[in-house]
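A.B. asks: Just work_32.cif, nothing more (mmCIF, C-alpha atoms):
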```cif
data_coords
#
loop_
_atom_site.label_atom_id
_atom_site.label_comp_id
_atom_site.auth_asym_id
_atom_site.auth_seq_id
_atom_site.Cartn_x
_atom_site.Cartn_y
_atom_site.Cartn_z
CA MET W 213 -13.59 -9.51 -3.70
CA GLY W 214 -15.96 -11.19 -1.29
CA ARG W 215 -19.61 -12.19 -1.43
CA ILE W 216 -22.27 -11.67 1.20
CA THR W 217 -25.20 -13.81 2.14
CA VAL W 218 -28.53 -12.00 2.14
CA GLU W 219 -32.10 -12.83 3.01
CA GLY W 220 -34.77 -12.53 0.36
CA GLY W 221 -38.15 -14.14 -0.26
CA GLY W 222 -37.62 -16.53 2.61
CA LYS W 223 -34.51 -18.00 0.94
CA ARG W 224 -30.84 -17.44 1.60
CA ARG W 225 -28.81 -16.65 -1.46
CA SER W 226 -25.24 -15.59 -2.14
CA GLN W 227 -24.74 -12.58 -4.36
CA SER W 228 -22.00 -10.09 -5.18
CA THR W 229 -22.40 -6.83 -3.32
CA GLY W 230 -23.41 -3.71 -5.23
CA ALA W 231 -20.00 -2.34 -4.34
CA ALA W 232 -18.34 -5.35 -5.92
CA ARG W 233 -20.22 -4.80 -9.16
CA PHE W 234 -19.33 -1.12 -9.02
CA VAL W 235 -15.61 -1.86 -8.61
CA ALA W 236 -15.65 -4.41 -11.42
CA ALA W 237 -17.43 -2.06 -13.79
CA MET W 238 -15.17 0.80 -12.84
CA ALA W 239 -12.04 -1.27 -13.37
CA ILE W 240 -13.18 -2.48 -16.78
CA SER W 241 -14.18 0.96 -18.00
CA THR W 242 -10.94 2.59 -16.92
CA ALA W 243 -8.74 -0.22 -18.19
CA MET W 244 -10.50 -0.18 -21.59
CA SER W 245 -8.54 2.99 -22.31
CA ALA W 246 -5.23 1.12 -22.08
CA THR W 247 -3.09 1.42 -25.17
CA ALA W 248 -1.64 -1.44 -27.19
CA LEU W 249 1.74 -0.33 -25.82
CA THR W 250 0.85 -1.33 -22.26
CA GLN W 251 -0.70 -4.56 -23.51
CA SER W 252 2.69 -5.60 -24.87
CA TYR W 253 3.96 -6.04 -21.32
CA ALA W 254 1.08 -8.33 -20.31
CA GLN W 255 3.19 -11.39 -19.48
CA GLU W 256 6.69 -9.99 -19.10
CA ALA W 257 8.68 -10.06 -15.88
CA TYR W 258 10.96 -7.45 -14.39
CA ILE W 259 14.15 -7.05 -16.45
CA PRO W 260 17.05 -5.83 -14.26
CA GLY W 261 19.45 -3.24 -15.64
CA ALA W 262 23.21 -3.22 -15.28
CA ALA W 263 24.97 -0.74 -13.02
CA GLU W 264 26.04 2.27 -15.06
CA PRO W 265 29.80 2.72 -15.56
CA GLY W 266 31.51 5.61 -13.81
CA THR W 267 30.46 7.56 -10.73
CA GLU W 268 28.18 10.26 -12.11
CA ILE W 269 24.63 9.94 -10.80
CA PRO W 270 22.35 9.71 -13.86
CA LYS W 271 19.55 12.25 -14.09
CA SER W 272 15.98 11.04 -14.48
CA THR W 273 12.40 12.25 -14.20
CA VAL W 274 9.56 10.50 -12.37
CA ARG W 275 5.86 11.38 -12.68
CA LEU W 276 4.60 10.69 -9.16
CA GLY W 277 0.93 10.36 -8.29
CA LEU W 278 -0.18 11.12 -4.72
CA LEU W 279 -3.25 9.35 -3.31
CA PRO W 280 -5.38 10.76 -0.47
CA TYR W 281 -3.97 8.51 2.24
CA ALA W 282 -1.21 8.98 4.80
CA ASP W 283 0.84 6.24 3.16
CA GLY W 284 -0.25 7.36 -0.30
CA SER W 285 1.32 10.80 0.04
CA PHE W 286 4.21 10.54 2.52
CA PRO W 287 6.91 10.53 -0.21
CA ILE W 288 6.26 14.28 -0.49
CA ILE W 289 8.40 14.54 2.65
CA GLY W 290 11.36 13.05 0.77
CA VAL W 291 10.60 15.25 -2.23
CA LYS W 292 10.63 18.42 -0.13
CA LYS W 293 13.77 17.33 1.75
CA GLY W 294 15.67 16.65 -1.48
CA PHE W 295 16.11 12.90 -0.93
CA PHE W 296 15.06 12.11 -4.50
CA THR W 297 17.21 14.79 -6.12
CA ASP W 298 20.13 13.38 -4.11
CA VAL W 299 19.84 10.24 -6.26
CA GLY W 300 19.30 12.13 -9.50
CA ILE W 301 15.49 12.08 -9.61
CA THR W 302 13.40 15.12 -10.52
CA MET W 303 9.63 14.94 -9.99
CA SER W 304 7.26 16.10 -12.71
CA PRO W 305 5.37 18.12 -11.65
CA ALA W 306 7.67 19.20 -8.84
CA ASP W 307 5.24 18.26 -6.04
CA GLY W 308 3.64 15.28 -7.76
CA THR W 309 0.08 14.96 -9.07
CA THR W 310 -2.85 14.42 -6.71
CA LEU W 311 -5.04 11.50 -7.79
CA THR W 312 -8.15 9.65 -6.76
CA GLU W 313 -8.07 5.86 -6.56
CA GLU W 314 -10.01 5.65 -9.82
CA SER W 315 -7.89 8.12 -11.78
CA ALA W 316 -4.71 6.39 -10.60
CA HIS W 317 -5.90 3.19 -12.29
CA SER W 318 -6.38 4.71 -15.73
CA LEU W 319 -3.30 6.97 -15.59
CA LEU W 320 -0.95 4.16 -14.58
CA VAL W 321 -2.37 1.80 -17.19
CA ARG W 322 -1.94 4.41 -19.94
CA GLY W 323 1.52 5.35 -18.71
CA ASP W 324 0.55 8.98 -17.99
CA VAL W 325 1.83 8.52 -14.42
CA ASP W 326 4.88 6.40 -13.59
CA ILE W 327 4.46 5.62 -9.89
CA THR W 328 1.85 5.80 -7.14
CA HIS W 329 1.69 4.64 -3.51
CA GLY W 330 -1.32 2.62 -2.40
CA TYR W 331 -2.72 -0.86 -1.89
CA PRO W 332 -1.47 -2.83 -4.91
CA PRO W 333 -4.40 -5.30 -5.24
CA ASN W 334 -6.71 -2.35 -5.89
CA PHE W 335 -5.04 -2.19 -9.31
CA LEU W 336 -5.60 -5.86 -10.12
CA PRO W 337 -9.07 -5.24 -11.65
CA THR W 338 -7.30 -3.44 -14.50
CA TYR W 339 -5.98 -6.89 -15.50
CA GLN W 340 -9.29 -7.48 -17.24
CA THR W 341 -7.83 -5.65 -20.23
CA SER W 342 -4.22 -4.73 -19.39
CA ARG W 343 -1.35 -6.23 -17.41
CA ALA W 344 0.49 -2.89 -17.24
CA VAL W 345 0.47 -2.12 -13.51
CA LYS W 346 3.00 -3.84 -11.23
CA GLN W 347 3.77 -3.76 -7.52
CA VAL W 348 7.38 -2.66 -6.98
CA MET W 349 7.64 -2.11 -3.20
CA PHE W 350 5.92 -2.66 0.16
CA HIS W 351 6.32 -0.11 2.94
CA ASP W 352 3.57 -0.69 5.52
CA ILE W 353 0.77 -2.96 6.66
CA ILE W 354 -2.48 -1.23 7.54
CA VAL W 355 -4.36 -2.33 10.63
CA ALA W 356 -6.71 0.67 10.41
CA GLY W 357 -9.42 -1.34 8.67
CA CYS W 358 -12.43 -0.87 10.96
CA VAL W 359 -16.20 -0.94 10.95
CA LEU W 360 -17.12 2.18 12.93
CA ALA W 361 -20.36 3.21 14.62
CA ALA W 362 -21.59 6.73 15.36
CA PRO W 363 -21.03 7.74 18.98
CA GLU W 364 -24.70 8.47 19.72
CA LEU W 365 -25.48 4.76 19.22
CA GLY W 366 -23.53 3.87 22.35
CA LEU W 367 -22.39 0.51 20.99
CA LYS W 368 -19.70 -1.84 22.27
CA SER W 369 -16.76 -3.25 20.35
CA VAL W 370 -15.28 -6.72 19.93
CA LYS W 371 -12.67 -5.75 22.50
CA ASP W 372 -15.37 -4.67 24.95
CA TYR W 373 -17.25 -7.96 24.62
CA MET W 374 -14.06 -10.01 24.94
CA ALA W 375 -13.13 -8.03 28.06
CA GLU W 376 -16.47 -9.17 29.49
CA GLY W 377 -15.44 -12.78 28.89
CA LYS W 378 -17.07 -13.61 25.57
CA PRO W 379 -15.00 -15.75 23.16
CA PHE W 380 -14.07 -14.08 19.91
CA ALA W 381 -16.78 -15.79 17.82
CA GLU W 382 -19.51 -14.53 20.15
CA ALA W 383 -17.87 -11.13 20.58
CA ILE W 384 -17.71 -10.33 16.87
CA ALA W 385 -21.31 -11.49 16.37
CA ALA W 386 -22.50 -9.28 19.23
CA ALA W 387 -20.45 -6.25 18.13
CA MET W 388 -21.69 -6.45 14.55
CA ALA W 389 -25.32 -7.34 15.32
CA PRO W 390 -26.51 -3.68 15.25
CA VAL W 391 -25.26 -3.39 11.63
CA GLN W 392 -27.51 -6.21 10.39
CA GLY W 393 -29.56 -4.94 7.44
CA LYS W 394 -28.36 -1.35 7.86
CA GLU W 395 -26.36 0.84 5.47
CA LEU W 396 -22.57 0.70 5.77
CA ALA W 397 -20.73 3.60 4.15
CA SER W 398 -17.64 2.24 2.40
CA THR W 399 -15.31 3.28 -0.39
CA PRO W 400 -15.18 1.94 -3.98
CA VAL W 401 -11.93 0.12 -3.25
CA ALA W 402 -11.60 -3.56 -4.11
CA ASN W 403 -9.76 -4.77 -1.03
CA GLU W 404 -12.37 -3.29 1.31
CA ARG W 405 -14.84 -5.86 0.01
CA LEU W 406 -12.43 -8.59 1.12
CA PHE W 407 -12.27 -7.18 4.65
CA GLU W 408 -16.05 -6.85 4.77
CA ASP W 409 -16.54 -10.37 3.46
CA THR W 410 -14.26 -11.71 6.18
CA ILE W 411 -16.33 -9.93 8.83
CA THR W 412 -19.53 -11.38 7.34
CA GLN W 413 -18.03 -14.88 7.41
CA LEU W 414 -16.96 -14.54 11.04
CA SER W 415 -20.01 -12.68 12.39
CA GLY W 416 -22.88 -13.83 10.17
CA VAL W 417 -23.96 -10.18 9.78
CA THR W 418 -24.84 -8.59 6.42
CA TRP W 419 -25.62 -5.02 5.40
CA THR W 420 -26.40 -2.73 2.48
CA PRO W 421 -23.32 -1.02 1.02
CA LYS W 422 -23.40 2.75 0.60
CA ILE W 423 -20.50 3.63 -1.71
CA LEU W 424 -18.76 6.94 -0.97
CA ASP W 425 -15.24 8.29 -1.35
CA ASP W 426 -13.30 8.62 1.91
CA SER W 427 -13.65 12.39 2.00
CA ASN W 428 -17.43 12.09 1.53
CA ILE W 429 -17.64 9.50 4.31
CA LEU W 430 -16.02 12.05 6.61
CA VAL W 431 -18.43 14.79 5.50
CA ALA W 432 -21.46 12.51 5.89
CA ALA W 433 -20.31 11.36 9.32
CA LYS W 434 -19.85 14.92 10.59
CA ALA W 435 -23.29 15.84 9.20
CA GLY W 436 -24.95 12.91 10.97
CA GLN W 437 -26.02 11.36 7.67
CA ILE W 438 -24.53 7.91 8.32
CA GLN W 439 -24.43 5.63 11.36
CA PHE W 440 -21.93 2.99 10.26
CA ALA W 441 -18.75 3.50 8.24
CA HIS W 442 -15.81 1.56 6.87
CA PRO W 443 -13.33 4.12 5.50
CA SER W 444 -10.25 3.13 3.50
CA GLY W 445 -7.77 5.72 4.70
CA ALA W 446 -6.18 5.73 8.16
CA PRO W 447 -6.52 9.55 8.42
CA ILE W 448 -10.30 9.23 8.02
CA VAL W 449 -10.45 6.45 10.61
CA TYR W 450 -8.33 8.58 12.95
CA SER W 451 -10.54 11.62 12.39
CA LEU W 452 -13.69 9.62 13.22
CA ILE W 453 -12.07 8.13 16.31
CA GLN W 454 -11.26 11.68 17.41
CA ASP W 455 -14.98 12.37 17.02
CA LYS W 456 -15.69 9.44 19.42
CA TRP W 457 -16.89 6.93 16.82
CA THR W 458 -16.79 3.35 18.13
CA ARG W 459 -14.48 0.79 16.54
CA LEU W 460 -16.86 -2.17 16.40
CA VAL W 461 -14.33 -4.51 14.80
CA CYS W 462 -10.92 -3.81 13.29
CA LEU W 463 -8.31 -5.77 11.40
CA ASP W 464 -6.14 -6.07 14.49
CA ASP W 465 -9.05 -7.92 16.16
CA LEU W 466 -9.12 -10.41 13.29
CA ILE W 467 -5.36 -10.92 13.24
CA ALA W 468 -5.14 -11.36 17.02
CA ASN W 469 -8.17 -13.61 17.49
CA GLY W 470 -9.39 -15.00 14.18
CA PRO W 471 -8.62 -18.31 12.46
CA THR W 472 -5.05 -18.90 11.32
CA GLY W 473 -3.40 -21.06 8.70
CA PRO W 474 -2.95 -20.85 4.92
CA ASP W 475 -6.71 -21.02 4.29
CA SER W 476 -7.66 -18.38 6.83
CA PRO W 477 -10.06 -15.78 5.39
CA ILE W 478 -8.08 -13.16 7.29
CA LEU W 479 -5.24 -13.45 4.77
CA ARG W 480 -7.46 -11.76 2.20
CA SER W 481 -7.91 -8.81 4.56
CA ILE W 482 -4.24 -8.11 5.31
CA THR W 483 -3.43 -4.83 3.64
CA ALA W 484 0.24 -4.59 2.67
CA VAL W 485 0.66 -1.16 1.09
CA GLY W 486 3.41 -0.01 -1.20
CA VAL W 487 4.34 1.28 -4.61
CA GLU W 488 2.70 0.57 -7.96
CA ALA W 489 4.25 1.44 -11.29
CA ASN W 490 3.67 1.06 -15.00
CA GLY W 491 5.58 -2.11 -15.94
CA GLU W 492 6.78 -0.83 -19.29
CA TRP W 493 8.23 2.25 -17.63
CA VAL W 494 9.91 0.07 -14.99
CA ASN W 495 11.63 -2.09 -17.57
CA LYS W 496 12.76 0.97 -19.51
CA ASN W 497 14.08 2.63 -16.34
CA PRO W 498 15.04 -0.18 -13.92
CA ASN W 499 17.85 1.73 -12.21
CA THR W 500 15.65 4.80 -11.75
CA VAL W 501 13.17 2.54 -9.94
CA LEU W 502 15.94 1.20 -7.68
CA ARG W 503 16.98 4.75 -6.84
CA TYR W 504 13.36 5.81 -6.31
CA ILE W 505 12.55 3.07 -3.80
CA SER W 506 15.88 3.66 -2.03
CA ALA W 507 14.82 7.30 -1.49
CA VAL W 508 11.50 6.07 -0.10
CA TRP W 509 13.34 3.90 2.44
CA ARG W 510 15.54 6.87 3.30
CA THR W 511 12.38 8.93 3.86
CA ILE W 512 11.08 6.22 6.21
CA ASP W 513 14.34 6.27 8.18
CA GLU W 514 14.24 10.06 8.50
CA ILE W 515 10.61 10.33 9.67
CA LYS W 516 11.15 7.55 12.20
CA ALA W 517 14.08 9.54 13.59
CA ASP W 518 12.27 12.89 13.39
CA PRO W 519 8.45 12.71 13.44
CA SER W 520 8.26 16.51 13.12
CA LEU W 521 8.83 15.92 9.39
CA TYR W 522 5.14 15.01 9.18
CA ASP W 523 4.53 18.76 9.37
CA ILE W 524 5.64 18.79 5.73
CA GLN W 525 3.09 16.18 4.69
CA ALA W 526 0.07 17.28 6.75
CA PRO W 527 -1.04 20.24 4.61
CA VAL W 528 -0.61 18.19 1.42
CA LEU W 529 -2.70 15.32 2.76
CA ASN W 530 -5.35 17.67 4.17
CA SER W 531 -5.72 19.34 0.79
CA ILE W 532 -6.45 16.08 -1.02
CA ALA W 533 -8.23 14.03 1.69
CA GLY W 534 -10.42 16.71 3.27
CA THR W 535 -8.91 16.07 6.71
CA ASN W 536 -7.68 18.61 9.21
CA LEU W 537 -4.70 16.78 10.69
CA THR W 538 -1.60 18.31 12.20
CA GLY W 539 1.82 16.79 11.71
CA ALA W 540 1.53 15.35 15.23
CA ASP W 541 -1.85 13.81 14.35
CA LEU W 542 -0.33 12.27 11.24
CA ALA W 543 2.61 10.87 13.19
CA GLN W 544 0.18 9.27 15.65
CA THR W 545 -1.99 7.93 12.82
CA VAL W 546 1.01 6.19 11.25
CA ALA W 547 2.25 4.87 14.60
CA LEU W 548 -1.19 3.46 15.48
CA PHE W 549 -2.36 2.10 12.16
CA HIS W 550 0.54 1.48 9.79
CA PRO W 551 4.09 2.06 11.04
CA TYR W 552 6.47 2.15 8.11
CA ILE W 553 8.69 -0.86 7.53
CA PRO W 554 12.44 -0.28 7.15
CA TYR W 555 14.53 -1.74 4.38
CA ALA W 556 15.98 -4.66 6.34
CA ASP W 557 12.55 -5.96 7.39
CA ASN W 558 11.52 -6.76 3.81
CA THR W 559 12.54 -10.36 4.41
CA ARG W 560 9.02 -10.85 5.79
CA PHE W 561 7.55 -10.09 2.36
CA TYR W 562 10.00 -11.77 0.02
CA THR W 563 12.27 -14.42 1.58
CA ASP W 564 10.59 -15.67 4.78
CA THR W 565 8.03 -18.12 3.40
CA SER W 566 6.70 -18.77 6.93
CA SER W 567 5.70 -15.11 7.33
CA ILE W 568 1.97 -14.34 7.36
CA VAL W 569 2.68 -11.48 4.95
CA HIS W 570 4.84 -13.38 2.46
CA TYR W 571 3.67 -12.01 -0.90
CA LYS W 572 2.92 -15.36 -2.53
CA ALA W 573 0.51 -16.63 0.14
CA LEU W 574 -1.19 -13.24 0.36
CA TYR W 575 -1.67 -12.82 -3.37
CA GLU W 576 -2.79 -16.38 -3.97
CA GLN W 577 -5.66 -15.71 -1.57
CA ILE W 578 -6.45 -12.26 -2.95
CA LEU W 579 -6.33 -13.38 -6.57
CA ALA W 580 -8.57 -16.34 -5.81
CA ALA W 581 -11.15 -14.01 -4.27
CA PHE W 582 -11.02 -11.61 -7.21
CA VAL W 583 -11.29 -14.42 -9.76
CA GLU W 584 -14.28 -15.85 -7.88
CA ASN W 585 -16.11 -12.56 -8.37
CA GLY W 586 -15.06 -12.03 -11.99
CA VAL W 587 -13.00 -8.95 -11.16
CA VAL W 588 -9.69 -10.51 -12.27
CA PRO W 589 -9.36 -13.09 -15.07
CA GLU W 590 -8.09 -16.56 -14.29
CA GLY W 591 -4.41 -17.27 -14.73
CA VAL W 592 -2.92 -14.15 -13.12
CA THR W 593 -0.10 -15.22 -10.79
CA PRO W 594 1.48 -13.45 -7.81
CA ASP W 595 4.84 -13.30 -9.58
CA GLU W 596 3.31 -11.70 -12.66
CA PHE W 597 2.04 -8.80 -10.55
CA VAL W 598 4.53 -8.54 -7.67
CA TRP W 599 7.90 -7.32 -8.93
CA GLY W 600 9.01 -5.78 -5.63
CA GLY W 601 10.84 -8.88 -4.47
CA LYS W 602 13.07 -8.95 -7.51
CA LEU W 603 13.89 -5.26 -7.04
CA TRP W 604 14.60 -5.67 -3.33
CA LEU W 605 16.79 -8.72 -3.94
CA GLN W 606 18.70 -6.79 -6.60
CA LEU W 607 19.40 -4.03 -4.08
CA GLU W 608 20.39 -6.71 -1.55
CA ASP W 609 22.85 -8.11 -4.07
CA TYR W 610 24.39 -4.66 -4.56
CA ARG W 611 24.51 -4.16 -0.79
CA GLN W 612 26.33 -7.43 -0.18
CA LYS W 613 28.78 -6.80 -3.03
CA THR W 614 29.46 -3.33 -1.63
CA ASP W 615 30.11 -4.80 1.82
CA LYS W 616 32.77 -7.08 0.36
CA LEU W 617 34.42 -4.32 -1.66
CA LEU W 618 34.51 -1.88 1.26
CA ALA W 619 35.77 -4.55 3.66
CA ALA W 620 38.81 -4.98 1.40
CA VAL W 621 39.69 -1.27 1.48
CA ASP W 622 42.81 -0.32 3.41
CA GLU W 623 41.43 3.03 4.55
CA ALA W 624 44.57 4.09 6.41
CA ASN W 625 46.64 3.93 3.24
CA LEU W 626 44.12 5.34 0.78
CA PRO W 627 45.48 8.01 -1.51
CA GLU W 628 43.71 11.37 -1.26
CA ASN W 629 41.96 10.97 -4.61
CA LYS W 630 40.28 7.78 -3.34
CA LYS W 631 39.07 9.12 0.02
CA ALA W 632 36.22 11.06 -1.62
CA LEU W 633 35.09 7.89 -3.39
CA LEU W 634 35.00 6.03 -0.07
CA ALA W 635 33.00 8.83 1.54
CA ASP W 636 30.49 8.78 -1.34
CA ALA W 637 30.16 5.00 -1.24
CA ARG W 638 29.33 5.19 2.47
CA LYS W 639 26.94 8.10 1.94
CA TYR W 640 24.85 6.35 -0.70
CA TYR W 641 24.99 3.13 1.30
CA GLY W 642 23.48 4.97 4.26
CA TRP W 643 20.68 6.19 1.98
CA HIS W 644 19.87 2.60 0.88
CA ASP W 645 21.00 3.51 -2.64
CA TYR W 646 23.09 0.37 -2.81
CA LEU W 647 23.29 0.61 -6.59
CA ASP W 648 25.33 3.81 -6.45
CA ALA W 649 27.19 2.71 -3.32
CA TYR W 650 28.33 -0.28 -5.35
CA ARG W 651 29.33 1.92 -8.30
CA PHE W 652 31.52 4.07 -6.02
CA ALA W 653 32.95 0.98 -4.32
CA VAL W 654 33.90 -0.47 -7.71
CA ALA W 655 35.63 2.78 -8.67
CA LEU W 656 37.40 2.75 -5.33
CA SER W 657 38.77 -0.72 -5.98
CA GLU W 658 40.07 0.06 -9.44
#
```
Please express what this file holds, its structure, as structure tokens.
C.D. replies:
Amino acid sequence: MGRITVEGGGKRRSQSTGAARFVAAMAISTAMSATALTQSYAQEAYIPGAAEPGTEIPKSTVRLGLLPYADGSFPIIGVKKGFFTDVGITMSPADGTTLTEESAHSLLVRGDVDITHGYPPNFLPTYQTSRAVKQVMFHDIIVAGCVLAAPELGLKSVKDYMAEGKPFAEAIAAAMAPVQGKELASTPVANERLFEDTITQLSGVTWTPKILDDSNILVAAKAGQIQFAHPSGAPIVYSLIQDKWTRLVCLDDLIANGPTGPDSPILRSITAVGVEANGEWVNKNPNTVLRYISAVWRTIDEIKADPSLYDIQAPVLNSIAGTNLTGADLAQTVALFHPYIPYADNTRFYTDTSSIVHYKALYEQILAAFVENGVVPEGVTPDEFVWGGKLWLQLEDYRQKTDKLLAAVDEANLPENKKALLADARKYYGWHDYLDAYRFAVALSE
């Protein structure tokens, strides 16, 4: 979490923002309720399970929490379409549980919810008292992070100033100048402080934080009660843009024009979103987790092929986020701000160390910022928190083994009792459930 420089008594001083203190206090108070059971997994790594013998798909139950963001609730599409039941998973309750960011922290730490979808570093403040929550998947990178200005102000954006010929450093300073000393409505979400700190570093502009939930930012904006806003959720950003709010500076401006390299402050602002889970539950149910994330990737494939599926999600998201988006609006929001990343592209997160979004470089920067502000204790490592790479690589191993087994099949001479096994192996393979594809391929080869 970043710091801002403020003026006071004729002296410049660096202090944590009120929002930063709020997030730290919130994280500590919620994590204090963690049980000794979750504490026992403080330092343990992901423990892979073995593929089950036979070809029956094991039945399991997952307690899914839905957050009020487009990418925090889209799995409901897969739930409604039966993609999770296809791999043996039943949701409890059937349509998941709607959560706020704050309640998700305490429920995951206690183990009352198994899985949520959100920005994983927002859960790192719980590491003050518990190491229970782990990242187990990435599925999009948000570029919706924006400082927005009310339309009646008639302000210009970074892009506008750069189009006039100003270099980026001058453009961001000019675009942000009207915010100097004003209130900026922003959510109580840890990573938003990192984005704001980066903007302060690059523009020299500071402000007074006004902490509101996303839905309340939208209400306040429509009521004319705020002039500047930095929402967390892409649907809220999209809704304000529809209302003609000006995007003064957005994350895509920073990525395209800001400083690069391993020490770039922009790294702390890159928002790779995915799945968080209770680590104890993961290690008790490793194959359920593999099947769960495979169904998420199947959901991504299906909505890319048929964006009308967002009609399923829109009413769910509207009910928990206070938005009024259609399925078409939601499809455009995702396409503009955080297109979902297919299975094969996860190399950028886990194996391509030159990638700007490789998990280790990202989390080293984020953890350093959180430690600096006392939000996360020293000694937490990227590998302790990010388990998604080990899960993805395990699925990759099953995929490659399945490829070899299926390549050895003489399909033309298969007996009838083996043809169904081949069809099932291919079916689960197509759903990214490489664990069960492998199990059927093994049975086929026996």
A.B. asks: Convert the output of the PyMOL selection byres ((chain W and resi 328-335) around 7) on the shown file into explicit residues, formatted as a list in words.
C.D. replies: Leu276, Gly277, Leu278, Leu279, Asp283, Gly284, His317, Ile327, Leu336, Pro337, Thr338, Val345, Gln347, Val401, Ala402, Asn403, Thr483, Ala484, Val485, Gly486, Val487, Glu488 and Ala489 of chain W
A.B. asks: Name all residues at most 9 Å from Leu466 in chain W (count all atoms listed in the file; drop same-chain ones fewer than 4 positions away) and give them as a PDB file with C-alpha atoms, in the coordinates of the input.
C.D. replies:
```pdb
ATOM      1  CA  THR W 410     -14.260 -11.710   6.180  1.00  0.00           C
ATOM      2  CA  ILE W 411     -16.330  -9.930   8.830  1.00  0.00           C
ATOM      3  CA  VAL W 461     -14.330  -4.510  14.800  1.00  0.00           C
ATOM      4  CA  CYS W 462     -10.920  -3.810  13.290  1.00  0.00           C
ATOM      5  CA  GLY W 470      -9.390 -15.000  14.180  1.00  0.00           C
ATOM      6  CA  PRO W 471      -8.620 -18.310  12.460  1.00  0.00           C
ATOM      7  CA  ILE W 478      -8.080 -13.160   7.290  1.00  0.00           C
ATOM      8  CA  SER W 481      -7.910  -8.810   4.560  1.00  0.00           C
TER       9      SER W 481
END
```
A.B. asks: Please expand the PyMOL selection byres ((chain W and resi 595) around 12) into the concrete residues it hits in this file, giving the result as a ChimeraX atom specification.
C.D. replies: /W:255-258,346-348,562,571-576,579,591-594,596-602
A.B. asks: Kindly resolve the PyMOL selection byres ((chain W and resi 643-647) around 9) on the present coordinates and return the residues as a VMD selection string.
C.D. replies: chain W and resid 263 295 299 499 502 to 507 509 to 511 513 555 606 to 612 614 637 to 642 648 to 652
A.B. asks: Using all atoms listed in the file, which protein or nucleic acid residues come within 12 Å of Leu529 in chain W? Drop anything in the same chain fewer than 2 positions from it, and give the result as a PyMOL selection string.
C.D. replies: chain W and resi 278-289+310-311+427+445-448+522-527+531-539+541-542
A.B. asks: To one decimal in Å, tell me the separation between CA of Thr563 in chain W and CA of Leu617 in chain W.
C.D. replies: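 Computing the Euclidean distance for CA of Thr563 in chain W and CA of Leu617 in chain W yields 24.6 Å.
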A.B. asks: I'd like the interatomic distance between CA of Ala361 in chain W and CA of Leu460 in chain W, to a tenth of an Å.
C.D. replies: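 According to the coordinates, CA of Ala361 in chain W and CA of Leu460 in chain W are separated by 6.7 Å.
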A.B. asks: What separation in Å, quoted to one decimal, exists between CA of Met303 in chain W and CA of Thr500 in chain W?
C.D. replies: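 A separation of 11.9 Å between them.
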A.B. asks: Taking into account only C-alpha atoms, which residue in the set W:Phe350, W:Trp419, W:Tyr373, W:Phe296 is nearest to Ala441 in chain W?
C.D. replies: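 For Ala441 in chain W, the nearest of the given residues is W:Trp419.
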A.B. asks: Return the single residue from W:Gly261, W:Asp425, W:Asp326, W:Gly436 that is closest to Glu314 in chain W, with distances computed using only C-alpha atoms.
C.D. replies: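 Ranking W:Gly261, W:Asp425, W:Asp326, W:Gly436 by distance to Glu314 in chain W, first place goes to W:Asp425.
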